[in-house]
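Next up, start.txt (compact mmCIF, C-alpha atoms):
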```
# COMPACT_ATOMS: atom_id res chain seq x y z
CA MET A 1 0.00 0.00 0.00
CA ILE A 2 1.30 3.44 -0.93
CA VAL A 3 0.27 6.39 1.28
CA ARG A 4 1.27 9.93 0.29
CA ASP A 5 0.20 13.41 1.41
CA VAL A 6 0.12 16.19 -1.19
CA ASN A 7 0.96 18.72 1.54
CA LYS A 8 4.25 16.93 2.22
CA LEU A 9 5.19 16.54 -1.45
CA LYS A 10 4.86 20.17 -2.52
CA ASP A 11 8.52 20.98 -1.81
CA THR A 12 9.97 17.73 -3.17
CA ASP A 13 10.98 16.57 -6.64
CA ARG A 14 7.49 15.13 -7.04
CA SER A 15 6.30 18.71 -7.51
CA VAL A 16 6.81 20.01 -11.05
CA SER A 17 6.19 23.63 -12.03
CA ASP A 18 6.02 25.40 -15.35
CA LYS A 19 4.50 28.65 -16.50
CA LYS A 20 1.83 29.40 -13.91
CA TRP A 21 1.03 25.83 -12.93
CA THR A 22 2.36 23.31 -10.43
CA SER A 23 1.63 19.61 -10.54
CA VAL A 24 2.28 17.28 -7.61
CA ARG A 25 2.74 13.74 -8.83
CA MET A 26 1.01 11.49 -6.33
CA LEU A 27 1.42 8.38 -8.53
CA LEU A 28 3.77 7.91 -11.49
CA ALA A 29 4.48 5.14 -13.96
CA ASP A 30 6.95 3.43 -11.64
CA ASP A 31 4.20 2.93 -9.06
CA ALA A 32 2.81 0.35 -11.51
CA MET A 33 -0.86 1.23 -11.04
CA GLY A 34 -1.42 1.55 -14.81
CA PHE A 35 -2.29 5.25 -14.51
CA SER A 36 -0.70 8.30 -12.95
CA PHE A 37 -2.47 10.65 -10.57
CA HIS A 38 -1.57 14.31 -10.04
CA ILE A 39 -2.88 17.23 -8.02
CA THR A 40 -2.44 20.29 -10.22
CA TYR A 41 -2.64 23.95 -9.21
CA ILE A 42 -3.31 26.54 -11.92
CA GLN A 43 -2.72 30.20 -11.18
CA ALA A 44 -5.57 32.68 -11.37
CA GLY A 45 -5.48 34.74 -14.55
CA SER A 46 -3.46 32.20 -16.54
CA GLU A 47 -4.23 30.41 -19.80
CA HIS A 48 -2.85 27.07 -21.01
CA THR A 49 -3.17 25.14 -24.25
CA PHE A 50 -2.43 21.41 -24.14
CA HIS A 51 -2.80 18.60 -26.62
CA TYR A 52 -2.10 15.16 -25.13
CA LYS A 53 -1.87 13.25 -28.39
CA ASN A 54 -0.43 10.21 -26.65
CA HIS A 55 -2.40 10.17 -23.41
CA PHE A 56 -5.95 10.06 -22.12
CA GLU A 57 -6.46 12.54 -19.29
CA SER A 58 -9.35 13.17 -16.92
CA VAL A 59 -9.45 16.29 -14.77
CA TYR A 60 -11.73 16.78 -11.76
CA CYS A 61 -12.15 20.24 -10.23
CA ILE A 62 -11.71 20.21 -6.44
CA SER A 63 -11.80 24.00 -6.09
CA GLY A 64 -11.50 27.18 -8.13
CA LYS A 65 -13.13 28.57 -11.23
CA GLY A 66 -12.28 28.60 -14.91
CA THR A 67 -13.25 27.36 -18.35
CA ILE A 68 -12.12 24.79 -20.88
CA GLU A 69 -12.39 25.44 -24.59
CA ASP A 70 -12.53 22.48 -26.96
CA LEU A 71 -10.42 23.81 -29.82
CA ALA A 72 -11.91 21.34 -32.31
CA THR A 73 -15.48 22.56 -31.79
CA GLY A 74 -14.97 26.02 -30.26
CA GLU A 75 -17.28 24.99 -27.41
CA THR A 76 -16.47 26.34 -23.94
CA HIS A 77 -17.43 24.62 -20.66
CA GLN A 78 -17.40 26.08 -17.16
CA ILE A 79 -15.01 24.51 -14.65
CA THR A 80 -16.32 24.72 -11.09
CA PRO A 81 -15.99 22.35 -8.10
CA GLY A 82 -17.45 18.96 -9.01
CA VAL A 83 -16.99 19.31 -12.77
CA MET A 84 -14.83 16.75 -14.57
CA TYR A 85 -13.61 16.83 -18.14
CA ALA A 86 -12.12 13.82 -19.89
CA LEU A 87 -10.06 14.10 -23.05
CA ASP A 88 -11.29 10.86 -24.59
CA LYS A 89 -10.40 12.01 -28.10
CA HIS A 90 -7.01 13.45 -27.08
CA ASP A 91 -8.80 16.79 -27.48
CA LYS A 92 -6.66 19.87 -27.98
CA HIS A 93 -7.93 22.40 -25.46
CA THR A 94 -7.34 25.69 -23.69
CA VAL A 95 -7.87 26.08 -19.95
CA ARG A 96 -8.50 29.61 -18.69
CA CYS A 97 -8.34 30.15 -14.95
CA GLU A 98 -10.30 32.86 -13.14
CA GLU A 99 -9.71 31.72 -9.54
CA GLU A 100 -6.88 29.32 -8.65
CA LEU A 101 -7.88 25.85 -9.82
CA VAL A 102 -7.03 22.75 -7.79
CA LEU A 103 -7.47 19.74 -10.06
CA ALA A 104 -7.22 15.96 -9.62
CA CYS A 105 -5.79 14.54 -12.86
CA CYS A 106 -5.45 10.95 -14.09
CA PHE A 107 -3.30 9.99 -17.07
CA ASN A 108 -3.28 6.79 -19.09
CA PRO A 109 -0.66 5.71 -20.00
CA PRO A 110 0.87 6.89 -16.73
CA VAL A 111 3.26 9.81 -16.85
CA THR A 112 6.84 8.96 -15.87
CA GLY A 113 7.47 12.41 -14.37
CA LYS A 114 10.25 13.19 -16.84
CA GLU A 115 8.03 14.52 -19.66
CA VAL A 116 8.06 18.13 -20.70
CA HIS A 117 5.32 19.82 -22.68
CA ARG A 118 6.45 20.03 -26.29
CA GLU A 119 5.72 22.94 -28.58
CA ASP A 120 2.54 21.24 -29.79
CA GLY A 121 1.21 20.94 -26.21
CA SER A 122 1.78 17.17 -26.02
CA TYR A 123 3.89 14.84 -23.92
CA ALA A 124 5.99 12.17 -25.65
CA SER A 125 4.47 8.68 -25.65
CA PRO A 126 6.16 6.05 -23.44
CA ASP A 127 7.72 4.57 -26.63
CA GLU A 128 9.18 7.87 -27.75
CA ALA A 129 10.42 8.64 -24.24
CA ALA A 130 12.17 5.27 -23.89
CA MET B 131 -14.44 15.56 -24.82
CA ILE B 132 -16.63 14.38 -21.99
CA VAL B 133 -17.80 16.96 -19.42
CA ARG B 134 -19.77 15.85 -16.35
CA ASP B 135 -20.74 17.48 -13.06
CA VAL B 136 -20.91 15.32 -9.95
CA ASN B 137 -23.66 17.56 -8.57
CA LYS B 138 -25.89 16.70 -11.53
CA LEU B 139 -25.18 12.96 -11.40
CA LYS B 140 -26.07 12.32 -7.76
CA ASP B 141 -29.70 11.47 -8.51
CA THR B 142 -29.04 9.45 -11.66
CA ASP B 143 -28.15 5.82 -12.31
CA ARG B 144 -24.48 6.85 -12.26
CA SER B 145 -24.84 7.12 -8.48
CA VAL B 146 -24.52 3.77 -6.70
CA SER B 147 -25.18 3.33 -2.99
CA ASP B 148 -24.58 0.49 -0.59
CA LYS B 149 -24.28 0.28 3.17
CA LYS B 150 -23.32 3.79 4.25
CA TRP B 151 -21.50 4.81 1.08
CA THR B 152 -22.45 6.40 -2.24
CA SER B 153 -20.23 6.40 -5.31
CA VAL B 154 -20.85 8.66 -8.30
CA ARG B 155 -19.30 7.16 -11.39
CA MET B 156 -17.83 10.03 -13.38
CA LEU B 157 -16.06 7.70 -15.85
CA LEU B 158 -16.76 4.01 -16.47
CA ALA B 159 -15.29 1.31 -18.69
CA ASP B 160 -17.47 2.30 -21.65
CA ASP B 161 -15.90 5.76 -21.68
CA ALA B 162 -12.78 3.97 -22.96
CA MET B 163 -10.25 6.00 -20.95
CA GLY B 164 -8.57 2.83 -19.63
CA PHE B 165 -9.51 3.68 -16.02
CA SER B 166 -12.67 4.59 -14.18
CA PHE B 167 -13.05 7.62 -11.94
CA HIS B 168 -15.52 7.91 -9.07
CA ILE B 169 -16.39 10.45 -6.39
CA THR B 170 -17.26 8.44 -3.31
CA TYR B 171 -18.99 9.64 -0.13
CA ILE B 172 -18.54 7.59 3.05
CA GLN B 173 -20.83 8.22 6.00
CA ALA B 174 -19.43 9.37 9.33
CA GLY B 175 -19.23 6.57 11.85
CA SER B 176 -19.12 3.78 9.27
CA GLU B 177 -16.54 1.06 8.66
CA HIS B 178 -15.85 -0.79 5.39
CA THR B 179 -13.61 -3.71 4.47
CA PHE B 180 -12.68 -4.10 0.79
CA HIS B 181 -10.30 -6.34 -1.07
CA TYR B 182 -9.99 -5.49 -4.77
CA LYS B 183 -8.20 -8.63 -5.85
CA ASN B 184 -8.74 -7.83 -9.52
CA HIS B 185 -8.26 -4.06 -9.56
CA PHE B 186 -5.72 -1.41 -8.67
CA GLU B 187 -7.37 1.50 -6.87
CA SER B 188 -6.08 4.90 -5.77
CA VAL B 189 -8.09 7.06 -3.38
CA TYR B 190 -7.48 10.77 -2.79
CA CYS B 191 -9.14 12.51 0.16
CA ILE B 192 -10.85 15.76 -0.85
CA SER B 193 -12.51 16.31 2.53
CA GLY B 194 -13.37 14.53 5.76
CA LYS B 195 -11.47 12.46 8.29
CA GLY B 196 -10.84 8.78 8.85
CA THR B 197 -8.29 6.00 8.83
CA ILE B 198 -7.24 3.10 6.64
CA GLU B 199 -5.95 -0.12 8.16
CA ASP B 200 -3.74 -2.36 6.05
CA LEU B 201 -5.01 -5.77 7.11
CA ALA B 202 -1.83 -7.54 5.97
CA THR B 203 0.43 -5.50 8.25
CA GLY B 204 -1.99 -4.15 10.87
CA GLU B 205 -0.67 -0.65 10.14
CA THR B 206 -3.16 2.24 10.30
CA HIS B 207 -2.82 5.51 8.36
CA GLN B 208 -4.71 8.75 8.88
CA ILE B 209 -6.95 9.94 6.04
CA THR B 210 -7.23 13.73 5.92
CA PRO B 211 -7.58 16.18 3.00
CA GLY B 212 -4.62 15.77 0.65
CA VAL B 213 -3.80 12.19 1.63
CA MET B 214 -3.86 9.51 -1.07
CA TYR B 215 -3.64 5.77 -0.64
CA ALA B 216 -2.98 3.40 -3.53
CA LEU B 217 -3.67 -0.32 -3.32
CA ASP B 218 -0.73 -1.37 -5.47
CA LYS B 219 -0.69 -4.85 -3.97
CA HIS B 220 -4.48 -5.28 -4.12
CA ASP B 221 -4.24 -4.72 -0.37
CA LYS B 222 -7.14 -5.89 1.77
CA HIS B 223 -8.07 -2.95 3.98
CA THR B 224 -10.58 -1.42 6.36
CA VAL B 225 -11.65 2.22 6.06
CA ARG B 226 -13.07 3.82 9.20
CA CYS B 227 -14.78 7.17 8.82
CA GLU B 228 -14.93 9.77 11.58
CA GLU B 229 -16.24 12.73 9.52
CA GLU B 230 -17.91 12.21 6.13
CA LEU B 231 -15.20 11.40 3.61
CA VAL B 232 -15.33 12.70 0.05
CA LEU B 233 -12.89 10.67 -2.01
CA ALA B 234 -11.67 10.76 -5.63
CA CYS B 235 -11.09 7.14 -6.72
CA CYS B 236 -9.41 5.70 -9.82
CA PHE B 237 -9.74 2.04 -10.80
CA ASN B 238 -7.66 0.03 -13.25
CA PRO B 239 -9.07 -1.93 -14.99
CA PRO B 240 -12.03 0.43 -15.20
CA VAL B 241 -15.20 -0.53 -13.38
CA THR B 242 -18.18 -1.20 -15.65
CA GLY B 243 -20.69 0.08 -13.09
CA LYS B 244 -22.44 -3.29 -12.85
CA GLU B 245 -20.12 -4.83 -10.23
CA VAL B 246 -21.29 -5.61 -6.72
CA HIS B 247 -19.00 -6.16 -3.77
CA ARG B 248 -18.73 -9.90 -3.19
CA GLU B 249 -18.50 -11.51 0.22
CA ASP B 250 -14.72 -11.36 0.10
CA GLY B 251 -14.79 -7.58 -0.50
CA SER B 252 -13.74 -7.85 -4.15
CA TYR B 253 -15.27 -6.93 -7.50
CA ALA B 254 -15.26 -9.52 -10.29
CA SER B 255 -12.54 -9.07 -12.91
CA PRO B 256 -13.66 -7.95 -16.39
CA ASP B 257 -13.17 -11.55 -17.61
CA GLU B 258 -15.36 -13.02 -14.88
CA ALA B 259 -17.99 -10.33 -15.42
CA ALA B 260 -18.14 -10.95 -19.19
```
Can you present the structure in this file as structure tokens?
Amino acid sequence: MIVRDVNKLKDTDRSVSDKKWTSVRMLLADDAMGFSFHITYIQAGSEHTFHYKNHFESVYCISGKGTIEDLATGETHQITPGVMYALDKHDKHTVRCEEELVLACCFNPPVTGKEVHREDGSYASPDEAA
Amino acid sequence: MIVRDVNKLKDTDRSVSDKKWTSVRMLLADDAMGFSFHITYIQAGSEHTFHYKNHFESVYCISGKGTIEDLATGETHQITPGVMYALDKHDKHTVRCEEELVLACCFNPPVTGKEVHREDGSYASPDEAA
């Protein structure tokens, strides 16, 4: 059994930050659960475009306020506590944050923790990363 | 892209209740994400023993207070907001709830939504269920 506390991981190498977001990796590929699980903090007033071509991701809003725009359809959805979005078509999307978002994110395949966002908003697939 | 709100699913057939717990299935096997994702509410004062022999499960505490006992080792861990436990060894365990727990749960393989807890605390594997 693995037991971890996000509050104790924020200042460790399990916490990864980039432009106006921080993601604490609660579970990574080497935990062998078949998915990874992250608590992600997005700064108020920021905007992020991602395109996980090689991953499925679900995102559940614990707190905060923002929107997600589906760039394929132009549709925009509100993100408020209790709302989940799932990128079942590897959807390219833009997240806009009004009040700091705290998000619970699952990735399949699991993230290794070594990925960086590429120019196209994606992470490398496990095969490419290997 | 799938977008769902837990607050709108509580009174639908995506909400499953048993003895002193309710689980809202935000993502199930037929969403084809490779995992399922549930928001689970456990009543204060209740105790639950589970043994997911056929699934990996991670559980992240959004709110509430309780404990998890690892029945293989006898060790007990506190569950408070920000704590995650992951049953990477299909660990048999008992959850005891002091204040209502709201938990974000991921299952691999994904739950179909038709499982029931068997006497041994497990869910059937996808093969058995088929």
What are the residues of chain B that have an atom within 9 Å of an atom of chain A, counting all atoms listed in the file, as a PDB file with C-alpha atoms, in the frame of the given file?
```pdb
ATOM      1  CA  MET B 131     -14.440  15.560 -24.820  1.00  0.00           C
ATOM      2  CA  ILE B 132     -16.630  14.380 -21.990  1.00  0.00           C
ATOM      3  CA  VAL B 133     -17.800  16.960 -19.420  1.00  0.00           C
ATOM      4  CA  ARG B 134     -19.770  15.850 -16.350  1.00  0.00           C
ATOM      5  CA  ASP B 135     -20.740  17.480 -13.060  1.00  0.00           C
ATOM      6  CA  VAL B 136     -20.910  15.320  -9.950  1.00  0.00           C
ATOM      7  CA  ASN B 137     -23.660  17.560  -8.570  1.00  0.00           C
ATOM      8  CA  MET B 156     -17.830  10.030 -13.380  1.00  0.00           C
ATOM      9  CA  LEU B 157     -16.060   7.700 -15.850  1.00  0.00           C
ATOM     10  CA  ASP B 161     -15.900   5.760 -21.680  1.00  0.00           C
ATOM     11  CA  ALA B 162     -12.780   3.970 -22.960  1.00  0.00           C
ATOM     12  CA  MET B 163     -10.250   6.000 -20.950  1.00  0.00           C
ATOM     13  CA  GLY B 164      -8.570   2.830 -19.630  1.00  0.00           C
ATOM     14  CA  PHE B 165      -9.510   3.680 -16.020  1.00  0.00           C
ATOM     15  CA  PHE B 167     -13.050   7.620 -11.940  1.00  0.00           C
ATOM     16  CA  ILE B 169     -16.390  10.450  -6.390  1.00  0.00           C
ATOM     17  CA  PHE B 186      -5.720  -1.410  -8.670  1.00  0.00           C
ATOM     18  CA  GLU B 187      -7.370   1.500  -6.870  1.00  0.00           C
ATOM     19  CA  SER B 188      -6.080   4.900  -5.770  1.00  0.00           C
ATOM     20  CA  TYR B 190      -7.480  10.770  -2.790  1.00  0.00           C
ATOM     21  CA  ILE B 192     -10.850  15.760  -0.850  1.00  0.00           C
ATOM     22  CA  ASP B 200      -3.740  -2.360   6.050  1.00  0.00           C
ATOM     23  CA  HIS B 207      -2.820   5.510   8.360  1.00  0.00           C
ATOM     24  CA  THR B 210      -7.230  13.730   5.920  1.00  0.00           C
ATOM     25  CA  PRO B 211      -7.580  16.180   3.000  1.00  0.00           C
ATOM     26  CA  GLY B 212      -4.620  15.770   0.650  1.00  0.00           C
ATOM     27  CA  VAL B 213      -3.800  12.190   1.630  1.00  0.00           C
ATOM     28  CA  MET B 214      -3.860   9.510  -1.070  1.00  0.00           C
ATOM     29  CA  TYR B 215      -3.640   5.770  -0.640  1.00  0.00           C
ATOM     30  CA  ALA B 216      -2.980   3.400  -3.530  1.00  0.00           C
ATOM     31  CA  LEU B 217      -3.670  -0.320  -3.320  1.00  0.00           C
ATOM     32  CA  ASP B 218      -0.730  -1.370  -5.470  1.00  0.00           C
ATOM     33  CA  LYS B 219      -0.690  -4.850  -3.970  1.00  0.00           C
ATOM     34  CA  HIS B 220      -4.480  -5.280  -4.120  1.00  0.00           C
ATOM     35  CA  ASP B 221      -4.240  -4.720  -0.370  1.00  0.00           C
ATOM     36  CA  ALA B 234     -11.670  10.760  -5.630  1.00  0.00           C
ATOM     37  CA  CYS B 236      -9.410   5.700  -9.820  1.00  0.00           C
ATOM     38  CA  PHE B 237      -9.740   2.040 -10.800  1.00  0.00           C
ATOM     39  CA  ASN B 238      -7.660   0.030 -13.250  1.00  0.00           C
ATOM     40  CA  PRO B 239      -9.070  -1.930 -14.990  1.00  0.00           C
TER      41      PRO B 239
END
```
Close residues, A:Ser122 itself excluded, 10 Å, all atoms listed in the file, min 3 positions apart in chain, as a list in words: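 In the requested format, the answer is Thr49, Phe50, His51, Tyr52, Lys53, Asn54, His55, His90, Lys92, Glu115, Val116, His117, Arg118, Glu119 and Ser125 of chain A.
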Non-local contacts of A:Glu99 (8 Å; only C-alpha atoms; under 6 positions in same chain excluded) as a list in words: Gln43, Ala44, Gly45, Gly64, Lys65 and Gly66 of chain A
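Closest approach to A:Arg25 among A:Glu69, A:Glu98, A:Glu128, A:Asp11 is made by A:Asp11 (distances from all atoms listed in the file).
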Option closest in space to B:Ser176, from B:Ala159, B:Leu201, B:Val241, B:Leu231 [counting all atoms listed in the file]: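 Among B:Ala159, B:Leu201, B:Val241, B:Leu231, it is B:Leu231 that comes nearest to B:Ser176.
Straight-line separation from atom CA of A:Thr22 to atom CA of A:Glu47: 13.5 Å.
Across the structure, atom CA of A:Ile42 and atom CA of A:Val16 are spaced 12.1 Å apart.
Relative to atom CA of A:Cys97, atom CA of B:Leu158 is found at 27.5 Å.
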With 6 Å on each side, where is the centre of the axis-aligned box around all listed atoms of stretch 105-122 of chain A, and how long are its edges in Å to one decimal, as lines of an AutoDock Vina configuration file?
```
center_x = 2.2
center_y = 14.3
center_z = -21.3
size_x = 28.0
size_y = 29.2
size_z = 28.9
```
Point out the residue among A:Tyr41, A:Asp127, A:His48, A:Glu75 with the least atom-to-atom distance to A:Cys105, counting all atoms listed in the file. A:Tyr41
Mind rebuilding stretch 154-180 of chain B with N, CA, C and O atoms and writing that out as a compact mmCIF listing (two decimals), in the coordinates of the input?
```txt
# COMPACT_ATOMS: atom_id res chain seq x y z
N VAL B 154 -20.37 8.08 -7.04
CA VAL B 154 -20.85 8.66 -8.30
C VAL B 154 -19.81 8.35 -9.36
O VAL B 154 -18.65 8.77 -9.25
N ARG B 155 -20.23 7.62 -10.37
CA ARG B 155 -19.30 7.16 -11.39
C ARG B 155 -19.17 8.20 -12.49
O ARG B 155 -20.02 8.32 -13.37
N MET B 156 -18.07 8.95 -12.42
CA MET B 156 -17.83 10.03 -13.38
C MET B 156 -17.36 9.46 -14.71
O MET B 156 -17.67 9.99 -15.77
N LEU B 157 -16.55 8.39 -14.65
CA LEU B 157 -16.06 7.70 -15.85
C LEU B 157 -16.16 6.21 -15.60
O LEU B 157 -15.75 5.74 -14.53
N LEU B 158 -16.68 5.47 -16.57
CA LEU B 158 -16.76 4.01 -16.47
C LEU B 158 -16.05 3.36 -17.65
O LEU B 158 -15.53 4.06 -18.54
N ALA B 159 -16.03 2.05 -17.65
CA ALA B 159 -15.29 1.31 -18.69
C ALA B 159 -15.71 1.75 -20.09
O ALA B 159 -14.86 1.89 -20.98
N ASP B 160 -17.02 2.00 -20.28
CA ASP B 160 -17.47 2.30 -21.65
C ASP B 160 -17.07 3.71 -22.11
O ASP B 160 -17.31 4.06 -23.26
N ASP B 161 -16.45 4.48 -21.23
CA ASP B 161 -15.90 5.76 -21.68
C ASP B 161 -14.53 5.59 -22.33
O ASP B 161 -13.98 6.54 -22.90
N ALA B 162 -13.99 4.37 -22.22
CA ALA B 162 -12.78 3.97 -22.96
C ALA B 162 -11.56 4.85 -22.65
O ALA B 162 -10.75 5.15 -23.52
N MET B 163 -11.44 5.25 -21.38
CA MET B 163 -10.25 6.00 -20.95
C MET B 163 -9.17 5.05 -20.41
O MET B 163 -8.05 5.49 -20.13
N GLY B 164 -9.53 3.80 -20.17
CA GLY B 164 -8.57 2.83 -19.63
C GLY B 164 -8.54 2.81 -18.11
O GLY B 164 -7.81 2.04 -17.50
N PHE B 165 -9.33 3.69 -17.48
CA PHE B 165 -9.51 3.68 -16.02
C PHE B 165 -10.91 4.19 -15.77
O PHE B 165 -11.55 4.77 -16.65
N SER B 166 -11.42 3.94 -14.56
CA SER B 166 -12.67 4.59 -14.18
C SER B 166 -12.38 5.57 -13.05
O SER B 166 -11.36 5.45 -12.36
N PHE B 167 -13.27 6.54 -12.91
CA PHE B 167 -13.05 7.62 -11.94
C PHE B 167 -14.37 7.87 -11.22
O PHE B 167 -15.40 8.08 -11.87
N HIS B 168 -14.32 7.82 -9.90
CA HIS B 168 -15.52 7.91 -9.07
C HIS B 168 -15.33 8.96 -7.98
O HIS B 168 -14.23 9.08 -7.44
N ILE B 169 -16.39 9.65 -7.62
CA ILE B 169 -16.39 10.45 -6.39
C ILE B 169 -17.24 9.69 -5.39
O ILE B 169 -18.42 9.41 -5.64
N THR B 170 -16.62 9.33 -4.28
CA THR B 170 -17.26 8.44 -3.31
C THR B 170 -17.43 9.16 -1.97
O THR B 170 -16.51 9.84 -1.50
N TYR B 171 -18.62 9.00 -1.41
CA TYR B 171 -18.99 9.64 -0.13
C TYR B 171 -19.16 8.53 0.90
O TYR B 171 -19.95 7.60 0.67
N ILE B 172 -18.44 8.61 2.00
CA ILE B 172 -18.54 7.59 3.05
C ILE B 172 -19.10 8.24 4.31
O ILE B 172 -18.62 9.30 4.75
N GLN B 173 -20.13 7.62 4.85
CA GLN B 173 -20.83 8.22 6.00
C GLN B 173 -19.99 8.20 7.27
O GLN B 173 -19.30 7.22 7.56
N ALA B 174 -20.10 9.29 8.03
CA ALA B 174 -19.43 9.37 9.33
C ALA B 174 -19.87 8.21 10.20
O ALA B 174 -21.04 7.80 10.19
N GLY B 175 -18.92 7.65 10.91
CA GLY B 175 -19.23 6.57 11.85
C GLY B 175 -19.28 5.19 11.22
O GLY B 175 -19.53 4.21 11.93
N SER B 176 -19.02 5.10 9.93
CA SER B 176 -19.12 3.78 9.27
C SER B 176 -17.75 3.15 9.08
O SER B 176 -16.71 3.82 9.16
N GLU B 177 -17.77 1.85 8.81
CA GLU B 177 -16.54 1.06 8.66
C GLU B 177 -16.74 0.11 7.48
O GLU B 177 -17.82 -0.46 7.33
N HIS B 178 -15.71 -0.03 6.64
CA HIS B 178 -15.85 -0.79 5.39
C HIS B 178 -14.59 -1.60 5.14
O HIS B 178 -13.49 -1.04 5.19
N THR B 179 -14.75 -2.87 4.84
CA THR B 179 -13.61 -3.71 4.47
C THR B 179 -13.74 -4.11 3.01
O THR B 179 -14.77 -4.64 2.59
N PHE B 180 -12.69 -3.80 2.23
CA PHE B 180 -12.68 -4.10 0.79
C PHE B 180 -11.39 -4.85 0.45
O PHE B 180 -10.37 -4.70 1.12
```
